[in-house]
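Student: Before I ask anything, let me first share the structure, which is written out below as structure tokens.
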Amino acid sequence: MAIQLEKLSYTYQAATPLAQQALKDVSFTIKDQSFTAIVGHTGSGKSTLLQHLNGLLKPTSGRLTVNGQVITPATKNKELAKLRQEVGFVFQFPEAQLFEETVLKDIAFAPKNFGATEQEAEKIAREKAQLVNLDESVLERSPFELSGGQMRRVAIAGILAMSPKVLVLDEPTAGLDPSGRAEMMALFKRLHEKEKLTIILVTHQMNDVANFADQVLVMESGRLLADKTPAELFSDPGWLKKHHLNLPQTTAFAQRLVERGMEFAQLPLTEHELAKVLATKIKEAEGENG
Amino acid sequence: MDKLLLGRYIQGDSLVHRLDPRVKMILCFYFVLIIFLCNNWQSYLLLGIVTLLSVLLSKIDLSYFVKGVMPLIWLILFTVLLQVFFTRGGPTYWQFGPLTLTQFGLVNGFYVFCRFVLIIFMSTLLTVTTTPLAIADATESLMQPLKKLKVPVHEIALMLSIALRFVPTLMDETTKIMNAQRSRGVDFSEGSLISRIKAVIPLLIPLFVSALTRAEDLATAMEARGYRGGEGRSKYRVQVWHLQDTLALVFFFLVTLALIFLRN
């Protein structure tokens, strides 16, 4: 399910004294079943951009195509609603959306809204709870009794229950401890690989970009600054520094080795890559000495 | 919630913005009082000119004030129609049972309309040129005399400023939760009345949960820093009385004199 943006702009409170342009001429394409990361500072327009992807906002100008469905400023609000089922949106701190008496009911909320019967919705809810590793025992409990990490997984299951083809994630690991974060990212990787979901991830964690994404979009002041692969993006530390973006830990480590005279054909992105390169280098060195 | 929050503070640097918030509050209430002195077109014209002049001085677009009237337009029209159809006196143009259309009725209806619009313009002017915190401070300052009567003035002002402070926060929160539930297929704007009321539940419960959490956090944070209100507490924002404030009071006093002269 491809997503294409052409010269999309959006202005908040247009035609009032408080008008504010949040997106300016943004164009890009996201391929079907890809894993795209969006990075950029607070206020760069990321959240506004995401809200277009599932029809919460309508562009002020330009157009957006999601799986053949075209959204322009003239699109009616009713048609926007169709997008919402295809593009699941996990908001920042999604646990704020929980409201039902039990976890199961909360997960079943979305399918019921989209016309599933009580039994169907419950069946879907059980499946999705399993998908996000929620224990059977919590399903009948109140979502407000759970731990932060569990609540978040309930919220995500609630989105997955719509069976979207695209999953939009707005800083899904914010506020979680390191093990919760790792678990969460593993979940998204699984959804991407096994369930064939197209994933769009907004994050500040460059490690996650390096480890999971195959496309990176960099936003700055409402404009698209770069549309690259992680390898391309992280191969230019100077450019990143200029735009106040970090390197992933691994690449930063390799960068420091470069400063001390080591040479890399290409800066490694993941721990695995770095380890492999270092192992060959060590072997070479041993070979020369021995 | 992309819609304009009516009467929200708009930053600016004009005479009206710079006036002491206490003066602006006093004058706003005073204006509501003196508008009841008006009883002919000359006096309404005078207050109309005063209002327009104040709006011009604030350098804020007039259309913004007109929009402020819109949410209340049904209430205004209802009141005006009551006046028009139930006031008797003068030549009668039309009659149907208890309903009459008389000259007095039409004139009174028009006056009521003017009264509403002018009051709304003036109060919009107050909130648009004064930050909510300044209004809260001014309230506290103006209520000082009530302390003698053992009214917890400081606590009331604190409650007011906390409430005002959290309006934007809760608005943001509402937008966020609405978006999240819309993404889950809730339609807030369509369907029957019952389905719309039902749609509010997934919005209200999370909103209450987060508001309570926030209140608790705030209380803890204040207590942790040893907050103790009232007696002996100094202020970061000090309100200073300038010449322009006195002049504004004098101006409205003169307007009152003119009104008394103009009314019959």
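Residues in the structure tokens are named by chain (A, B, ... in the order shown) and by number from 1 within that chain; ligands are numbered from 1 in the order shown.
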Give the helix (DSSP H, G or I) residues of region 14-222 of chain B, as DSSP finds them on the backbone, and put them as an MDAnalysis selection string.

Tutor: chainID B and resid 15:18 21:37 41:57 62:86 103:129 132:149 153:183 193:222

Student: Any idea what's packed within 8 Å of region 177-192 of chain B, counting only C-alpha atoms, ignoring anything in its chain fewer than 5 positions away? Could you give it as a PDB file with C-alpha atoms, in the first residue's frame?

Tutor:
ATOM      1  CA  ASN A  54      -4.995   8.775   8.261  1.00  0.00           C
ATOM      2  CA  LEU A  56      -7.450  13.485  10.620  1.00  0.00           C
ATOM      3  CA  ALA A  81     -13.037   8.256   7.377  1.00  0.00           C
ATOM      4  CA  ARG A  84      -8.720   5.538   9.089  1.00  0.00           C
ATOM      5  CA  GLN A  85      -9.375   1.847   8.794  1.00  0.00           C
ATOM      6  CA  GLY A  88      -3.762   2.651  11.958  1.00  0.00           C
ATOM      7  CA  PHE A  89      -2.440   5.513  13.993  1.00  0.00           C
ATOM      8  CA  VAL A  90      -0.721   4.912  17.331  1.00  0.00           C
ATOM      9  CA  PHE A  91      -0.500   8.300  19.028  1.00  0.00           C
ATOM     10  CA  PRO A  94      -1.509   6.005  23.318  1.00  0.00           C
ATOM     11  CA  ALA A  96      -4.454   7.984  27.073  1.00  0.00           C
ATOM     12  CA  GLN A  97      -7.093   6.589  24.732  1.00  0.00           C
ATOM     13  CA  PHE A 109     -13.848  -0.986  20.458  1.00  0.00           C
ATOM     14  CA  ALA A 110     -12.488  -0.161  16.987  1.00  0.00           C
ATOM     15  CA  ASN A 113     -17.106   0.952  15.315  1.00  0.00           C
ATOM     16  CA  PHE A 114     -16.306  -0.356  11.877  1.00  0.00           C
ATOM     17  CA  GLY A 158      -6.688  -1.573  19.969  1.00  0.00           C
ATOM     18  CA  ILE A 159      -5.295  -0.042  16.794  1.00  0.00           C
ATOM     19  CA  MET A 162      -8.831  -2.520  12.812  1.00  0.00           C
TER      20      MET A 162
ATOM     21  CA  ALA B 199     -19.456   8.951  21.196  1.00  0.00           C
ATOM     22  CA  VAL B 200     -18.646  11.365  24.009  1.00  0.00           C
ATOM     23  CA  PRO B 202     -14.689   7.449  25.007  1.00  0.00           C
ATOM     24  CA  LEU B 203     -13.670  11.107  25.085  1.00  0.00           C
ATOM     25  CA  PRO B 206      -9.817   9.457  29.370  1.00  0.00           C
ATOM     26  CA  LEU B 207     -10.132  13.218  29.815  1.00  0.00           C
TER      27      LEU B 207
END

Student: Any idea what's packed within 9 Å of region 255-271 of chain A, counting only C-alpha atoms, ignoring anything in its chain fewer than 2 positions away? Could you give it as a ChimeraX atom specification?

Tutor: /A:207,210-211,230-231,234-235,237,248-253,273-277

Student: Which residue, A:Leu80, A:Ala74, A:Ala37, A:Ala2, has the smallest gap to chain B when you use only C-alpha atoms?

Tutor: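 Going through A:Leu80, A:Ala74, A:Ala37, A:Ala2 one by one, the smallest distance to chain B is for A:Leu80.
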
Student: Leaving out Tyr64 (chain B) and any residue of its chain fewer than 2 positions from it, which residues lie within 12 Å of it when counting only C-alpha atoms, given as a list in words?

Tutor: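 Result of the neighbour search: Ala15, Thr16, Pro17 and Leu18 of chain A; Leu4, Leu5, Leu6, Gly7, Arg8, Tyr9, Ile10, Val55, Ser58, Lys59, Ile60, Asp61, Leu62, Val66, Lys67, Gly68, Val69, Met70, Ile120, Phe121, Thr124, Leu125 and Val128 of chain B.
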
Student: Please return as a ChimeraX atom specification: the residues of region 88-169 of chain B that backbone DSSP assigns to strand (DSSP E or B).

Tutor: /B:92-96,99-102

Student: Can you write out the residues you just picked, keeping N, CA and C atoms, as a PDB file, in the first residue's frame?

Tutor:
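What ended up in result-v5.pdb:
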ATOM      1  N   THR B  92     -49.578  50.076  16.097  1.00  0.00           N
ATOM      2  CA  THR B  92     -49.500  48.624  15.926  1.00  0.00           C
ATOM      3  C   THR B  92     -49.518  48.309  14.440  1.00  0.00           C
ATOM      4  N   TYR B  93     -48.554  47.475  14.003  1.00  0.00           N
ATOM      5  CA  TYR B  93     -48.483  47.126  12.584  1.00  0.00           C
ATOM      6  C   TYR B  93     -49.131  45.784  12.299  1.00  0.00           C
ATOM      7  N   TRP B  94     -49.163  44.907  13.300  1.00  0.00           N
ATOM      8  CA  TRP B  94     -49.575  43.524  13.043  1.00  0.00           C
ATOM      9  C   TRP B  94     -49.963  42.906  14.366  1.00  0.00           C
ATOM     10  N   GLN B  95     -50.976  42.046  14.370  1.00  0.00           N
ATOM     11  CA  GLN B  95     -51.385  41.439  15.630  1.00  0.00           C
ATOM     12  C   GLN B  95     -51.875  40.028  15.366  1.00  0.00           C
ATOM     13  N   PHE B  96     -51.449  39.087  16.240  1.00  0.00           N
ATOM     14  CA  PHE B  96     -51.915  37.716  16.118  1.00  0.00           C
ATOM     15  C   PHE B  96     -51.935  37.128  17.526  1.00  0.00           C
ATOM     16  N   LEU B  99     -49.342  37.974  20.224  1.00  0.00           N
ATOM     17  CA  LEU B  99     -48.200  38.578  19.531  1.00  0.00           C
ATOM     18  C   LEU B  99     -48.613  39.875  18.862  1.00  0.00           C
ATOM     19  N   THR B 100     -47.822  40.916  19.124  1.00  0.00           N
ATOM     20  CA  THR B 100     -48.085  42.166  18.427  1.00  0.00           C
ATOM     21  C   THR B 100     -46.784  42.692  17.863  1.00  0.00           C
ATOM     22  N   LEU B 101     -46.921  43.447  16.802  1.00  0.00           N
ATOM     23  CA  LEU B 101     -45.744  44.076  16.227  1.00  0.00           C
ATOM     24  C   LEU B 101     -45.992  45.574  16.306  1.00  0.00           C
ATOM     25  N   THR B 102     -45.323  46.227  17.276  1.00  0.00           N
ATOM     26  CA  THR B 102     -45.578  47.653  17.461  1.00  0.00           C
ATOM     27  C   THR B 102     -44.295  48.427  17.243  1.00  0.00           C
TER      28      THR B 102
END

Student: Could you pull the residues within 8 Å of Val23 (chain B), counting only C-alpha atoms, minus those fewer than 2 positions along the same chain, as a short mmCIF file (atom, residue, chain, number, x, y, z; two decimals) with C-alpha atoms, in the first residue's frame?

Tutor:
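Result written to around-v1.cif:
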data_model
loop_
_atom_site.label_atom_id
_atom_site.label_comp_id
_atom_site.auth_asym_id
_atom_site.auth_seq_id
_atom_site.Cartn_x
_atom_site.Cartn_y
_atom_site.Cartn_z
CA LEU B 19 -3.53 49.29 30.28
CA ASP B 20 -3.48 47.87 33.78
CA PRO B 21 -5.62 44.72 33.83
CA MET B 25 -11.71 44.77 34.34
CA ILE B 26 -13.28 47.67 36.19
CA LEU B 27 -14.11 49.45 32.96
CA ASP B 245 -4.91 54.09 33.61
CA ALA B 248 -8.91 55.77 30.96
CA LEU B 249 -11.01 56.05 34.12
#

Student: Can you tell me, as a PyMOL selection string, what residues are no more than 7 Å from region 183-198 of chain A when counting only C-alpha atoms, ignoring any on the same chain fewer than 3 positions away?

Tutor: chain A and resi 32-35+132+165-167+173+179-180

Student: Take the residues that were just selected and, keeping N, CA and C atoms, output them as a CSV table (one decimal), in the first residue's frame.

Tutor:
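Done, and the output landed in result.csv:
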chain,number,residue,atom,x,y,z
A,32,ASP,N,5.1,0.3,-0.5
A,32,ASP,CA,4.4,-0.8,0.1
A,32,ASP,C,5.3,-1.7,1.0
A,33,GLN,N,4.9,-2.0,2.2
A,33,GLN,CA,5.6,-2.9,3.1
A,33,GLN,C,7.0,-2.4,3.4
A,34,SER,N,7.2,-1.1,3.4
A,34,SER,CA,8.5,-0.6,3.8
A,34,SER,C,8.4,-0.2,5.3
A,35,PHE,N,9.6,0.1,5.8
A,35,PHE,CA,9.7,0.6,7.2
A,35,PHE,C,10.3,2.0,7.1
A,132,VAL,N,0.3,-8.8,20.5
A,132,VAL,CA,1.2,-7.9,21.2
A,132,VAL,C,1.7,-8.5,22.6
A,165,LYS,N,-3.4,-1.7,7.1
A,165,LYS,CA,-2.3,-2.2,6.3
A,165,LYS,C,-1.1,-1.3,6.6
A,166,VAL,N,-1.3,-0.1,7.1
A,166,VAL,CA,-0.2,0.7,7.4
A,166,VAL,C,-0.3,1.0,8.9
A,167,LEU,N,0.8,1.0,9.6
A,167,LEU,CA,0.8,1.4,11.0
A,167,LEU,C,1.7,2.6,11.2
A,173,THR,N,7.9,4.6,21.8
A,173,THR,CA,8.7,4.1,23.0
A,173,THR,C,8.9,5.2,24.0
A,179,SER,N,14.1,-2.0,28.7
A,179,SER,CA,13.7,-3.3,28.3
A,179,SER,C,12.3,-3.2,27.6
A,180,GLY,N,11.5,-2.3,28.1
A,180,GLY,CA,10.2,-2.1,27.5
A,180,GLY,C,10.3,-1.6,26.1
